[in-house]
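Asker: Take a look at the following structure, please.
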Amino acid sequence: MRRGRVWAAGLVAAALALGGCTGGDDGNGFRPGAADAGDPYVPGAGNGGYDVGHYALDVRYDPASDRLTGTATLTVTATRALSRFQLDLAGLDVERVRVDGAAAKYRHDGAELIVTPSGGLPSGKRFTVEVAYGGVPQPLPNAELGDGGFHATPDGAIALGQPESASTWYPVNDHPSDKATYDLAVTVPDGLAALSNGVPQGKTSSGGWTTWRWSERAPMASYLSTLVIGDYRVSSGTHAGKPLVTAVAAALPADGPAAASVARTGEIADFLAARFGPYPFEAYGGVVVADERIRYALETQSRPVYGPAFFRDGLPNTEVVAHELAHQWFGDSVSVARWSDIWLNEGFATYAEWLWAEHDGGRTVAQTVAQRYADTDWSKPTVDPGRAGMFGDAVYQRGALAVHALRRAVGDETFYRVLRGWLAQHRDGNVTTADFVGYAERTSGRPLRALLDAWLAGGTPPGLP
Ligand SMILES: [Zn+2]
């Protein structure tokens, strides 16, 4: 994510006790699945006891009534013996739930859908969950981080947000530790676009409605799924042999800075691939929305979404495109296991912005480093910044300074070898800061822990790299 410049963090991090009481054993070893993923930055989000492999989503949205109806079919594996399990689903009504085709009991308690199948699910069992649901989706209120999730717009809708958004429009295990592949069919009135992640699978029309189909075959964290419906100028082509689909809200000028910026998506992705290794997904793209409530850009997988504020001054803004495309490697392909390590996404995406700016004739990396170093508040740590600090300068700017310090310590050749190896080894996976430090040390053959500790967590400024 990259925020517009108006945003500032200000709250002291609260130590959040987490829920997750799992109840008792039924005597046969079958126990309820956990009520969240155990991540204190997002209490209540995600669940435990199973792993989703695939989401098949079939949704219809009518902008005239703001009503969404859908069927979600999840392919799931129990990771321990389950008497019941939970999904995240906020603010919609559930019509029925089936497990392996058989009606299951369920209870919708707040944002938790608690499903009790007719028999226990042994550890390792693969099963399907089908949920039919509908209603008028609502955003997830979040005073600290900004509302996430589903926003109705005059001509459609935007489903977007970090760290959570998916549960506002489909039942989900809503934590990045459970990545899955997706197929989405979304039906909207004729004439509107319906954009999402991955490879376009065509569209069909019937009776005044058009169904757009998308598939994402690489595992995707749920907050990286998106749905954008409305009046958009859609451009479909190919880049490096893969589909490239960009879309700009029709309310924005056809030849304006937003269109000019996303038009460079392929070129910028190639610049990053030359440094980070092959582009990790089967499609490219980007969507620029006109809704002023979207005050950030988000690295939604293979097709980032950009708010309008980045393109306001009449000039193209390719740095934000570089940031969101860098996340395709750092954050999307290689994802955090818990949000306290979000600098592994944002520090590298910010550093990629600096690299691109230098390449594109803007500030040099050295100039940017000197300025950010002077601006850094060293009392704020990059790792485990607190929930309210997830999108703060310590994560982004100080995180990028740490990346630069690593580069200067080991030299360019080793630095890029570490990055490429890290991304290849953990492709489609989940990682922690300790994983990165260990990988960098093994690959470079250098002790780096003290250096990275100082840059990521020390209370005083290390020497300018
Ligand atoms: Zn970001």
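Residue numbering restarts at 1 for every chain of the structure tokens, chains are lettered A, B, ... in their displayed order, and ligands are numbered from 1 as they appear.
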For stretch 184-198 of chain A, please output as a ChimeraX atom specification all residues within 8 Å (counting only C-alpha atoms; exclusion window: fewer than 3 positions along the same chain).
Answerer: /A:56-62,156,205,208-217,225-232,234,281-284,300-303
Asker: Limited to C-alpha atoms, could you put the picked residues into a file as a compact mmCIF listing (two decimals), in the first residue's frame?
Answerer:
# COMPACT_ATOMS: atom_id res chain seq x y z
CA ALA A 56 -14.65 -20.18 -6.62
CA LEU A 57 -16.76 -17.02 -6.32
CA ASP A 58 -19.88 -16.29 -8.33
CA VAL A 59 -21.34 -12.91 -7.45
CA ARG A 60 -23.91 -10.54 -8.93
CA TYR A 61 -23.97 -6.85 -8.10
CA ASP A 62 -26.67 -4.34 -8.90
CA GLY A 156 -20.65 0.50 -9.22
CA SER A 205 -24.03 -11.23 -21.78
CA GLY A 208 -29.12 -7.07 -19.83
CA TRP A 209 -26.39 -8.45 -17.58
CA THR A 210 -22.76 -9.21 -18.37
CA THR A 211 -20.64 -11.76 -16.56
CA TRP A 212 -16.91 -11.04 -16.37
CA ARG A 213 -14.62 -13.93 -15.45
CA TRP A 214 -11.16 -13.78 -13.89
CA SER A 215 -8.79 -16.42 -12.57
CA GLU A 216 -5.77 -16.09 -10.31
CA ARG A 217 -3.72 -19.29 -10.43
CA SER A 225 -8.22 -9.72 -3.89
CA THR A 226 -10.21 -6.86 -5.36
CA LEU A 227 -13.38 -6.12 -7.25
CA VAL A 228 -13.91 -2.84 -9.11
CA ILE A 229 -17.22 -2.27 -10.90
CA GLY A 230 -18.25 0.81 -12.86
CA ASP A 231 -17.77 2.96 -15.91
CA TYR A 232 -14.14 2.41 -16.89
CA VAL A 234 -10.54 -0.81 -20.19
CA PHE A 281 2.31 -13.79 -11.96
CA GLU A 282 0.46 -14.71 -15.15
CA ALA A 283 -1.02 -11.28 -15.82
CA TYR A 284 -0.20 -7.58 -15.52
CA THR A 300 -3.93 -6.06 -5.38
CA GLN A 301 -2.42 -9.12 -6.99
CA SER A 302 -1.40 -8.69 -10.63
CA ARG A 303 -3.63 -5.61 -10.91
Asker: Please report as a Markdown table every residue of stretch 153-231 of chain A lying within 12 Å of stretch 335-356 of chain A, along with the nearest atom pair and their distance in Å (one decimal), using only C-alpha atoms.
Answerer:
| residue | atom | partner | partner_atom | distance |
| --- | --- | --- | --- | --- |
| A:Gln162 | CA | A:Trp339 | CA | 10.4 |
| A:Pro163 | CA | A:Trp339 | CA | 8.1 |
| A:Glu164 | CA | A:Trp339 | CA | 11.1 |
| A:His175 | CA | A:Arg338 | CA | 8.4 |
| A:Pro176 | CA | A:Ala337 | CA | 6.5 |
| A:Ser177 | CA | A:Ala337 | CA | 5.0 |
| A:Asp178 | CA | A:Ala337 | CA | 8.8 |
| A:Lys179 | CA | A:Ser335 | CA | 8.9 |
| A:Pro219 | CA | A:Ser335 | CA | 10.1 |
| A:Met220 | CA | A:Ser335 | CA | 9.0 |
| A:Ala221 | CA | A:Ser335 | CA | 7.7 |
| A:Ser222 | CA | A:Ser335 | CA | 11.1 |
| A:Tyr223 | CA | A:Ser335 | CA | 11.1 |
| A:Leu224 | CA | A:Ser335 | CA | 10.5 |
Asker: Write out the residues from the selection above, keeping C-alpha atoms, as a PDB file, in the first residue's frame.
Answerer:
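The file below, part.pdb, is the result:
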ATOM      1  CA  GLN A 162      -5.481  -3.591   3.868  1.00  0.00           C
ATOM      2  CA  PRO A 163      -5.107  -5.398   6.232  1.00  0.00           C
ATOM      3  CA  GLU A 164      -8.678  -6.654   5.722  1.00  0.00           C
ATOM      4  CA  HIS A 175      -5.434 -13.492   6.909  1.00  0.00           C
ATOM      5  CA  PRO A 176      -2.395 -13.492   4.585  1.00  0.00           C
ATOM      6  CA  SER A 177      -1.071 -16.689   6.174  1.00  0.00           C
ATOM      7  CA  ASP A 178      -3.721 -18.666   4.246  1.00  0.00           C
ATOM      8  CA  LYS A 179      -3.150 -17.961   0.550  1.00  0.00           C
ATOM      9  CA  PRO A 219      -1.772 -18.353  -4.376  1.00  0.00           C
ATOM     10  CA  MET A 220      -3.127 -14.981  -3.262  1.00  0.00           C
ATOM     11  CA  ALA A 221      -3.574 -13.446   0.186  1.00  0.00           C
ATOM     12  CA  SER A 222      -7.210 -12.439   0.682  1.00  0.00           C
ATOM     13  CA  TYR A 223      -6.477  -8.726   1.208  1.00  0.00           C
ATOM     14  CA  LEU A 224      -4.937  -8.723  -2.280  1.00  0.00           C
TER      15      LEU A 224
END
Asker: Compute the set of protein, DNA and RNA residues whose minimum atom distance to ligand 1 is at most 9 Å, using only C-alpha atoms and all ligand atoms, and state it as JSON, numbers by chain.
Answerer: {"A": [1, 2, 3, 297, 298, 299, 320, 323, 324, 326, 327, 331, 345, 346, 347, 348, 349, 350, 391, 396]}
Asker: For the residues selected in the previous step, produce a file with N, CA, C and O atoms as an mmCIF file, in the first residue's frame.
Answerer:
data_model
loop_
_atom_site.group_PDB
_atom_site.id
_atom_site.type_symbol
_atom_site.label_atom_id
_atom_site.label_comp_id
_atom_site.auth_asym_id
_atom_site.auth_seq_id
_atom_site.Cartn_x
_atom_site.Cartn_y
_atom_site.Cartn_z
ATOM 1 N N MET A 1 0.850 -1.191 0.000
ATOM 2 C CA MET A 1 0.000 0.000 0.000
ATOM 3 C C MET A 1 0.884 1.239 0.000
ATOM 4 O O MET A 1 1.976 1.237 0.539
ATOM 5 N N ARG A 2 0.392 2.261 -0.647
ATOM 6 C CA ARG A 2 1.061 3.555 -0.536
ATOM 7 C C ARG A 2 -0.020 4.590 -0.312
ATOM 8 O O ARG A 2 -0.998 4.666 -1.043
ATOM 9 N N ARG A 3 0.165 5.374 0.724
ATOM 10 C CA ARG A 3 -0.834 6.361 1.093
ATOM 11 C C ARG A 3 -0.558 7.680 0.410
ATOM 12 O O ARG A 3 0.581 8.003 0.081
ATOM 13 N N ALA A 297 -2.997 3.707 -2.764
ATOM 14 C CA ALA A 297 -2.895 2.704 -3.822
ATOM 15 C C ALA A 297 -2.608 1.375 -3.142
ATOM 16 O O ALA A 297 -1.934 1.335 -2.115
ATOM 17 N N LEU A 298 -3.132 0.294 -3.691
ATOM 18 C CA LEU A 298 -2.938 -1.022 -3.076
ATOM 19 C C LEU A 298 -2.510 -2.032 -4.131
ATOM 20 O O LEU A 298 -3.034 -2.048 -5.245
ATOM 21 N N GLU A 299 -1.579 -2.906 -3.704
ATOM 22 C CA GLU A 299 -0.917 -3.845 -4.601
ATOM 23 C C GLU A 299 -1.757 -5.082 -4.889
ATOM 24 O O GLU A 299 -1.237 -6.208 -4.904
ATOM 25 N N VAL A 320 4.506 5.761 -7.855
ATOM 26 C CA VAL A 320 3.505 4.938 -7.164
ATOM 27 C C VAL A 320 3.272 3.637 -7.944
ATOM 28 O O VAL A 320 3.040 2.576 -7.345
ATOM 29 N N HIS A 323 6.067 1.397 -6.969
ATOM 30 C CA HIS A 323 5.841 0.879 -5.619
ATOM 31 C C HIS A 323 4.878 -0.320 -5.655
ATOM 32 O O HIS A 323 5.183 -1.391 -5.114
ATOM 33 N N GLU A 324 3.745 -0.144 -6.292
ATOM 34 C CA GLU A 324 2.748 -1.223 -6.290
ATOM 35 C C GLU A 324 3.211 -2.422 -7.114
ATOM 36 O O GLU A 324 2.907 -3.578 -6.765
ATOM 37 N N ALA A 326 6.381 -3.331 -7.450
ATOM 38 C CA ALA A 326 7.402 -4.008 -6.632
ATOM 39 C C ALA A 326 6.752 -4.943 -5.619
ATOM 40 O O ALA A 326 7.295 -6.001 -5.279
ATOM 41 N N HIS A 327 5.574 -4.560 -5.142
ATOM 42 C CA HIS A 327 4.848 -5.435 -4.206
ATOM 43 C C HIS A 327 4.452 -6.761 -4.848
ATOM 44 O O HIS A 327 4.162 -7.724 -4.123
ATOM 45 N N GLY A 331 5.488 -8.998 -1.034
ATOM 46 C CA GLY A 331 4.176 -8.826 -0.418
ATOM 47 C C GLY A 331 3.150 -9.758 -1.027
ATOM 48 O O GLY A 331 2.370 -10.389 -0.320
ATOM 49 N N ASN A 345 7.245 -6.056 3.176
ATOM 50 C CA ASN A 345 6.529 -5.579 1.987
ATOM 51 C C ASN A 345 6.920 -4.135 1.673
ATOM 52 O O ASN A 345 7.345 -3.801 0.569
ATOM 53 N N GLU A 346 6.725 -3.266 2.669
ATOM 54 C CA GLU A 346 6.773 -1.824 2.404
ATOM 55 C C GLU A 346 8.187 -1.265 2.293
ATOM 56 O O GLU A 346 8.429 -0.322 1.531
ATOM 57 N N GLY A 347 9.122 -1.811 3.054
ATOM 58 C CA GLY A 347 10.503 -1.323 2.947
ATOM 59 C C GLY A 347 11.060 -1.571 1.549
ATOM 60 O O GLY A 347 11.690 -0.690 0.942
ATOM 61 N N PHE A 348 10.796 -2.745 1.006
ATOM 62 C CA PHE A 348 11.314 -3.081 -0.321
ATOM 63 C C PHE A 348 10.552 -2.347 -1.425
ATOM 64 O O PHE A 348 11.159 -1.921 -2.421
ATOM 65 N N ALA A 349 9.232 -2.208 -1.255
ATOM 66 C CA ALA A 349 8.467 -1.475 -2.281
ATOM 67 C C ALA A 349 8.878 -0.003 -2.302
ATOM 68 O O ALA A 349 8.966 0.618 -3.373
ATOM 69 N N THR A 350 9.151 0.554 -1.142
ATOM 70 C CA THR A 350 9.602 1.953 -1.085
ATOM 71 C C THR A 350 10.988 2.075 -1.713
ATOM 72 O O THR A 350 11.259 3.025 -2.472
ATOM 73 N N PHE A 391 1.363 1.535 8.797
ATOM 74 C CA PHE A 391 1.566 2.271 7.543
ATOM 75 C C PHE A 391 2.335 3.568 7.788
ATOM 76 O O PHE A 391 2.189 4.544 7.058
ATOM 77 N N TYR A 396 7.933 2.227 6.184
ATOM 78 C CA TYR A 396 8.206 2.531 4.775
ATOM 79 C C TYR A 396 9.609 3.121 4.588
ATOM 80 O O TYR A 396 10.443 2.573 3.862
#
Asker: Which residue out of A:Thr116, A:Thr368, A:Thr382, A:Gln86 has the minimum interatomic distance to A:Ala454 when only C-alpha atoms are used?
Answerer: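 Using only C-alpha atoms, A:Ala454 sits closest to A:Thr382.
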Asker: Go through stretch 58-97 of chain A and collect every residue that DSSP, computed from the backbone, puts in strand (DSSP E); the answer should be as an MDAnalysis selection string.
Answerer: chainID A and resid 58:62 67:78 82:88 93:97
Asker: Can you work out the spacing between atom CA of A:Ser118 and atom CA of A:Leu68 in Å, to one decimal?
Answerer: 28.7 Å
Asker: Env of A:Ser167: 6 Å cut, atoms = only C-alpha atoms, seq-sep filter 2 positions within chain, self excluded. Answer as a list in words.
Answerer: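 That gives Asp88, Leu89, Ala90, Ser165, Trp169, Tyr170, Pro171 and Val172 of chain A.
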Asker: Could you please take those selected residues and save N, CA and C atoms as a JSON list (two decimals), in the first residue's frame?
Answerer:
[["chain", "number", "residue", "atom", "x", "y", "z"],
["A", 88, "ASP", "N", -14.71, -15.83, 7.97],
["A", 88, "ASP", "CA", -14.97, -14.41, 8.18],
["A", 88, "ASP", "C", -15.97, -13.94, 7.13],
["A", 89, "LEU", "N", -17.05, -13.35, 7.57],
["A", 89, "LEU", "CA", -18.04, -12.77, 6.65],
["A", 89, "LEU", "C", -18.75, -11.65, 7.40],
["A", 90, "ALA", "N", -18.54, -10.42, 6.92],
["A", 90, "ALA", "CA", -19.03, -9.26, 7.65],
["A", 90, "ALA", "C", -20.26, -8.67, 6.97],
["A", 165, "SER", "N", -10.27, -6.74, 3.90],
["A", 165, "SER", "CA", -11.32, -6.22, 3.04],
["A", 165, "SER", "C", -12.21, -7.32, 2.52],
["A", 169, "TRP", "N", -17.22, -9.00, 1.19],
["A", 169, "TRP", "CA", -17.95, -9.43, -0.03],
["A", 169, "TRP", "C", -17.91, -10.93, -0.30],
["A", 170, "TYR", "N", -17.16, -11.70, 0.47],
["A", 170, "TYR", "CA", -17.27, -13.16, 0.36],
["A", 170, "TYR", "C", -16.76, -13.81, 1.65],
["A", 171, "PRO", "N", -17.22, -15.03, 1.96],
["A", 171, "PRO", "CA", -16.74, -15.74, 3.14],
["A", 171, "PRO", "C", -15.31, -16.21, 2.91],
["A", 172, "VAL", "N", -14.46, -16.00, 3.92],
["A", 172, "VAL", "CA", -13.02, -16.10, 3.67],
["A", 172, "VAL", "C", -12.28, -16.39, 4.96]]
Asker: Any idea what's packed within 12 Å of A:Thr238, counting only C-alpha atoms, ignoring anything in its chain fewer than 3 positions away? Could you give it as number ranges by chain?
Answerer: A: 199-200, 235, 241-246, 265-266, 282-285
Asker: Store the residues picked out above in a file with N, CA, C and O atoms, as a PDB file, in the first residue's frame.
Answerer:
ATOM      1  N   VAL A 199      -5.935 -13.461 -14.667  1.00  0.00           N
ATOM      2  CA  VAL A 199      -6.086 -13.598 -16.111  1.00  0.00           C
ATOM      3  C   VAL A 199      -7.559 -13.456 -16.489  1.00  0.00           C
ATOM      4  O   VAL A 199      -8.415 -14.119 -15.895  1.00  0.00           O
ATOM      5  N   PRO A 200      -7.873 -12.589 -17.470  1.00  0.00           N
ATOM      6  CA  PRO A 200      -9.259 -12.495 -17.915  1.00  0.00           C
ATOM      7  C   PRO A 200      -9.669 -13.779 -18.622  1.00  0.00           C
ATOM      8  O   PRO A 200      -8.910 -14.334 -19.421  1.00  0.00           O
ATOM      9  N   SER A 235      -8.372  -1.219 -21.129  1.00  0.00           N
ATOM     10  CA  SER A 235      -7.403  -1.474 -22.189  1.00  0.00           C
ATOM     11  C   SER A 235      -6.844  -2.881 -22.003  1.00  0.00           C
ATOM     12  O   SER A 235      -6.291  -3.202 -20.951  1.00  0.00           O
ATOM     13  N   GLY A 241       4.210 -11.680 -23.316  1.00  0.00           N
ATOM     14  CA  GLY A 241       3.463 -12.913 -23.539  1.00  0.00           C
ATOM     15  C   GLY A 241       2.334 -13.165 -22.551  1.00  0.00           C
ATOM     16  O   GLY A 241       1.711 -14.228 -22.591  1.00  0.00           O
ATOM     17  N   LYS A 242       2.068 -12.204 -21.679  1.00  0.00           N
ATOM     18  CA  LYS A 242       1.012 -12.377 -20.679  1.00  0.00           C
ATOM     19  C   LYS A 242      -0.030 -11.278 -20.847  1.00  0.00           C
ATOM     20  O   LYS A 242       0.294 -10.181 -21.289  1.00  0.00           O
ATOM     21  N   PRO A 243      -1.287 -11.550 -20.460  1.00  0.00           N
ATOM     22  CA  PRO A 243      -2.311 -10.505 -20.567  1.00  0.00           C
ATOM     23  C   PRO A 243      -1.955  -9.281 -19.712  1.00  0.00           C
ATOM     24  O   PRO A 243      -1.464  -9.432 -18.590  1.00  0.00           O
ATOM     25  N   LEU A 244      -2.180  -8.117 -20.272  1.00  0.00           N
ATOM     26  CA  LEU A 244      -2.028  -6.860 -19.535  1.00  0.00           C
ATOM     27  C   LEU A 244      -3.348  -6.106 -19.666  1.00  0.00           C
ATOM     28  O   LEU A 244      -3.748  -5.743 -20.771  1.00  0.00           O
ATOM     29  N   VAL A 245      -4.038  -5.947 -18.544  1.00  0.00           N
ATOM     30  CA  VAL A 245      -5.337  -5.271 -18.548  1.00  0.00           C
ATOM     31  C   VAL A 245      -5.256  -4.076 -17.611  1.00  0.00           C
ATOM     32  O   VAL A 245      -5.019  -4.240 -16.405  1.00  0.00           O
ATOM     33  N   THR A 246      -5.414  -2.880 -18.173  1.00  0.00           N
ATOM     34  CA  THR A 246      -5.483  -1.687 -17.341  1.00  0.00           C
ATOM     35  C   THR A 246      -6.854  -1.040 -17.532  1.00  0.00           C
ATOM     36  O   THR A 246      -7.518  -1.241 -18.553  1.00  0.00           O
ATOM     37  N   THR A 265       3.042   0.477 -17.119  1.00  0.00           N
ATOM     38  CA  THR A 265       3.082  -0.705 -16.248  1.00  0.00           C
ATOM     39  C   THR A 265       4.058  -1.768 -16.752  1.00  0.00           C
ATOM     40  O   THR A 265       4.881  -2.289 -15.986  1.00  0.00           O
ATOM     41  N   GLY A 266       3.994  -2.113 -18.022  1.00  0.00           N
ATOM     42  CA  GLY A 266       4.875  -3.165 -18.543  1.00  0.00           C
ATOM     43  C   GLY A 266       6.340  -2.776 -18.466  1.00  0.00           C
ATOM     44  O   GLY A 266       7.197  -3.580 -18.052  1.00  0.00           O
ATOM     45  N   GLU A 282       0.825 -14.394 -13.763  1.00  0.00           N
ATOM     46  CA  GLU A 282       0.455 -14.713 -15.146  1.00  0.00           C
ATOM     47  C   GLU A 282      -0.227 -13.559 -15.861  1.00  0.00           C
ATOM     48  O   GLU A 282      -0.637 -13.709 -17.015  1.00  0.00           O
ATOM     49  N   ALA A 283      -0.390 -12.437 -15.174  1.00  0.00           N
ATOM     50  CA  ALA A 283      -1.016 -11.279 -15.818  1.00  0.00           C
ATOM     51  C   ALA A 283      -0.463 -10.006 -15.204  1.00  0.00           C
ATOM     52  O   ALA A 283       0.074 -10.007 -14.092  1.00  0.00           O
ATOM     53  N   TYR A 284      -0.597  -8.920 -15.977  1.00  0.00           N
ATOM     54  CA  TYR A 284      -0.197  -7.583 -15.524  1.00  0.00           C
ATOM     55  C   TYR A 284      -1.441  -6.690 -15.535  1.00  0.00           C
ATOM     56  O   TYR A 284      -2.452  -6.987 -16.174  1.00  0.00           O
ATOM     57  N   GLY A 285      -1.303  -5.523 -14.897  1.00  0.00           N
ATOM     58  CA  GLY A 285      -2.401  -4.571 -15.017  1.00  0.00           C
ATOM     59  C   GLY A 285      -2.386  -3.482 -13.978  1.00  0.00           C
ATOM     60  O   GLY A 285      -1.416  -3.297 -13.239  1.00  0.00           O
TER      61      GLY A 285
END
Asker: Can you check which residues of stretch 129-365 of chain A DSSP gives as helix (DSSP H, G or I) on the backbone and send them as a ChimeraX atom specification?
Answerer: /A:166-168,222-224,257-262,265-276,308-311,318-329,339-341,343-359,365
Asker: What's around A:Leu113 at 12 Å? Count only C-alpha atoms, leave out sequence neighbours fewer than 3 positions away in its own chain, and write the answer as number ranges by chain.
Answerer: A: 33, 35-36, 44-47, 84-97, 104-110, 116, 129, 131, 133, 167, 170-173
Asker: With only C-alpha atoms as the counted atoms, please give the residues lying no more than 10 Å from A:Glu413, apart from itself and same-chain residues fewer than 5 positions off, as a PyMOL selection string.
Answerer: chain A and resi 407+418+444
Asker: Would you work out the distance separating atom CA of A:Pro43 from atom CA of A:Arg398, expressed in Å to one decimal?
Answerer: 26.2 Å
Asker: For A:Glu441, please output as a list in words all residues within 12 Å (counting only C-alpha atoms; exclusion window: fewer than 2 positions along the same chain).
Answerer: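 The contact residues come out as Leu406, Ala409, Val410, Thr414, Phe415, Arg417, Val418, Leu419, Trp422, Ala434, Asp435, Phe436, Val437, Gly438, Tyr439, Thr443, Ser444, Gly445, Arg446, Pro447, Leu448, Arg449, Ala450, Leu451 and Leu452 of chain A.
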Asker: Could you dump the residues just selected with N, CA and C atoms as a compact mmCIF listing (two decimals), in the first residue's frame?
Answerer:
# COMPACT_ATOMS: atom_id res chain seq x y z
N LEU A 406 21.78 -2.56 3.78
CA LEU A 406 22.19 -3.92 3.40
C LEU A 406 22.94 -3.88 2.07
N ALA A 409 26.36 -2.59 2.53
CA ALA A 409 27.23 -3.48 3.32
C ALA A 409 27.78 -4.63 2.48
N VAL A 410 26.96 -5.16 1.56
CA VAL A 410 27.37 -6.38 0.85
C VAL A 410 27.75 -6.12 -0.61
N THR A 414 26.07 -8.92 -4.63
CA THR A 414 25.54 -9.80 -3.58
C THR A 414 24.13 -9.37 -3.17
N PHE A 415 23.91 -8.06 -3.11
CA PHE A 415 22.58 -7.54 -2.72
C PHE A 415 21.49 -8.09 -3.64
N ARG A 417 21.70 -10.63 -5.62
CA ARG A 417 21.67 -12.10 -5.52
C ARG A 417 20.84 -12.52 -4.31
N VAL A 418 20.99 -11.81 -3.19
CA VAL A 418 20.17 -12.09 -2.01
C VAL A 418 18.69 -11.88 -2.33
N LEU A 419 18.37 -10.75 -2.96
CA LEU A 419 16.96 -10.46 -3.24
C LEU A 419 16.35 -11.50 -4.19
N TRP A 422 16.03 -14.90 -2.40
CA TRP A 422 14.95 -14.82 -1.40
C TRP A 422 13.58 -14.95 -2.05
N ALA A 434 12.93 -12.78 10.68
CA ALA A 434 14.03 -13.70 11.01
C ALA A 434 14.40 -14.54 9.80
N ASP A 435 13.42 -14.94 9.01
CA ASP A 435 13.72 -15.69 7.78
C ASP A 435 14.61 -14.85 6.86
N PHE A 436 14.28 -13.57 6.73
CA PHE A 436 15.05 -12.72 5.81
C PHE A 436 16.48 -12.51 6.30
N VAL A 437 16.63 -12.22 7.57
CA VAL A 437 17.97 -11.98 8.10
C VAL A 437 18.82 -13.25 7.93
N GLY A 438 18.23 -14.39 8.26
CA GLY A 438 18.96 -15.65 8.11
C GLY A 438 19.33 -15.91 6.66
N TYR A 439 18.40 -15.66 5.75
CA TYR A 439 18.68 -15.89 4.33
C TYR A 439 19.80 -14.98 3.85
N THR A 443 23.36 -16.36 2.40
CA THR A 443 23.64 -16.15 0.99
C THR A 443 24.85 -15.24 0.78
N SER A 444 25.00 -14.26 1.65
CA SER A 444 26.13 -13.33 1.50
C SER A 444 27.39 -13.88 2.17
N GLY A 445 27.22 -14.83 3.10
CA GLY A 445 28.36 -15.30 3.87
C GLY A 445 28.87 -14.27 4.87
N ARG A 446 28.01 -13.32 5.21
CA ARG A 446 28.42 -12.23 6.10
C ARG A 446 27.52 -12.18 7.32
N PRO A 447 28.07 -11.85 8.50
CA PRO A 447 27.19 -11.60 9.65
C PRO A 447 26.47 -10.27 9.46
N LEU A 448 25.16 -10.30 9.43
CA LEU A 448 24.38 -9.08 9.14
C LEU A 448 23.36 -8.75 10.22
N ARG A 449 23.26 -9.64 11.20
CA ARG A 449 22.19 -9.46 12.19
C ARG A 449 22.33 -8.14 12.94
N ALA A 450 23.54 -7.83 13.39
CA ALA A 450 23.73 -6.61 14.19
C ALA A 450 23.43 -5.38 13.33
N LEU A 451 23.89 -5.42 12.08
CA LEU A 451 23.64 -4.29 11.18
C LEU A 451 22.13 -4.08 10.97
N LEU A 452 21.43 -5.18 10.65
CA LEU A 452 20.00 -5.05 10.36
C LEU A 452 19.21 -4.72 11.63
